[in-house]
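Student: Can you read through this structure? Questions will come right after.
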Amino acid sequence: MATVNFSVPDEVKRAFNETFNGRNKSAVIASLMREAVEREHRRRESHEAVRRIVERRRRAPVVGDREIRAARIEGRP
């Protein structure tokens, strides 16, 4: 196990200690850190997905109204 030291505002420390009184605070912190890592991974994946979508749209051919209308009509009975 690693030991980690963080500086936090006094009011955050007080609120944390009051909220998690009687609990293993190291376990609580470890759980919160895991959640933060997972959230950041999801944020990065989401950002990358958006970037790929925007890039595909940027490369997509521009289609005019005439072509759209023709595609709608094509194949209709």
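Here, A, B, ... name the chains of the structure tokens in the order displayed, residue numbers run from 1 inside each chain, and ligands are numbered from 1 in the same displayed order.
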Give me the residues within 12 Å of Val4 (chain A) as a list in words, counting only C-alpha atoms and dropping any in the same chain fewer than 5 places off.
Tutor: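 Residues near the query, excluding close chain neighbours: Ser26, Ile29, Ala30 and Met33 of chain A.
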Student: How about saving the chosen residues, C-alpha atoms kept, as a compact mmCIF listing (two decimals), in the first residue's frame?
Tutor:
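The file below, out01.txt, is the result:
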# COMPACT_ATOMS: atom_id res chain seq x y z
CA SER A 26 -8.44 5.43 4.06
CA ILE A 29 -10.57 8.00 0.16
CA ALA A 30 -9.45 4.98 -1.92
CA MET A 33 -10.14 8.03 -5.90
Student: From chain A, collect each residue whose DSSP state is helix (DSSP H, G or I) and return the set as a ChimeraX atom specification.
Tutor: /A:10-19,25-59,65-73
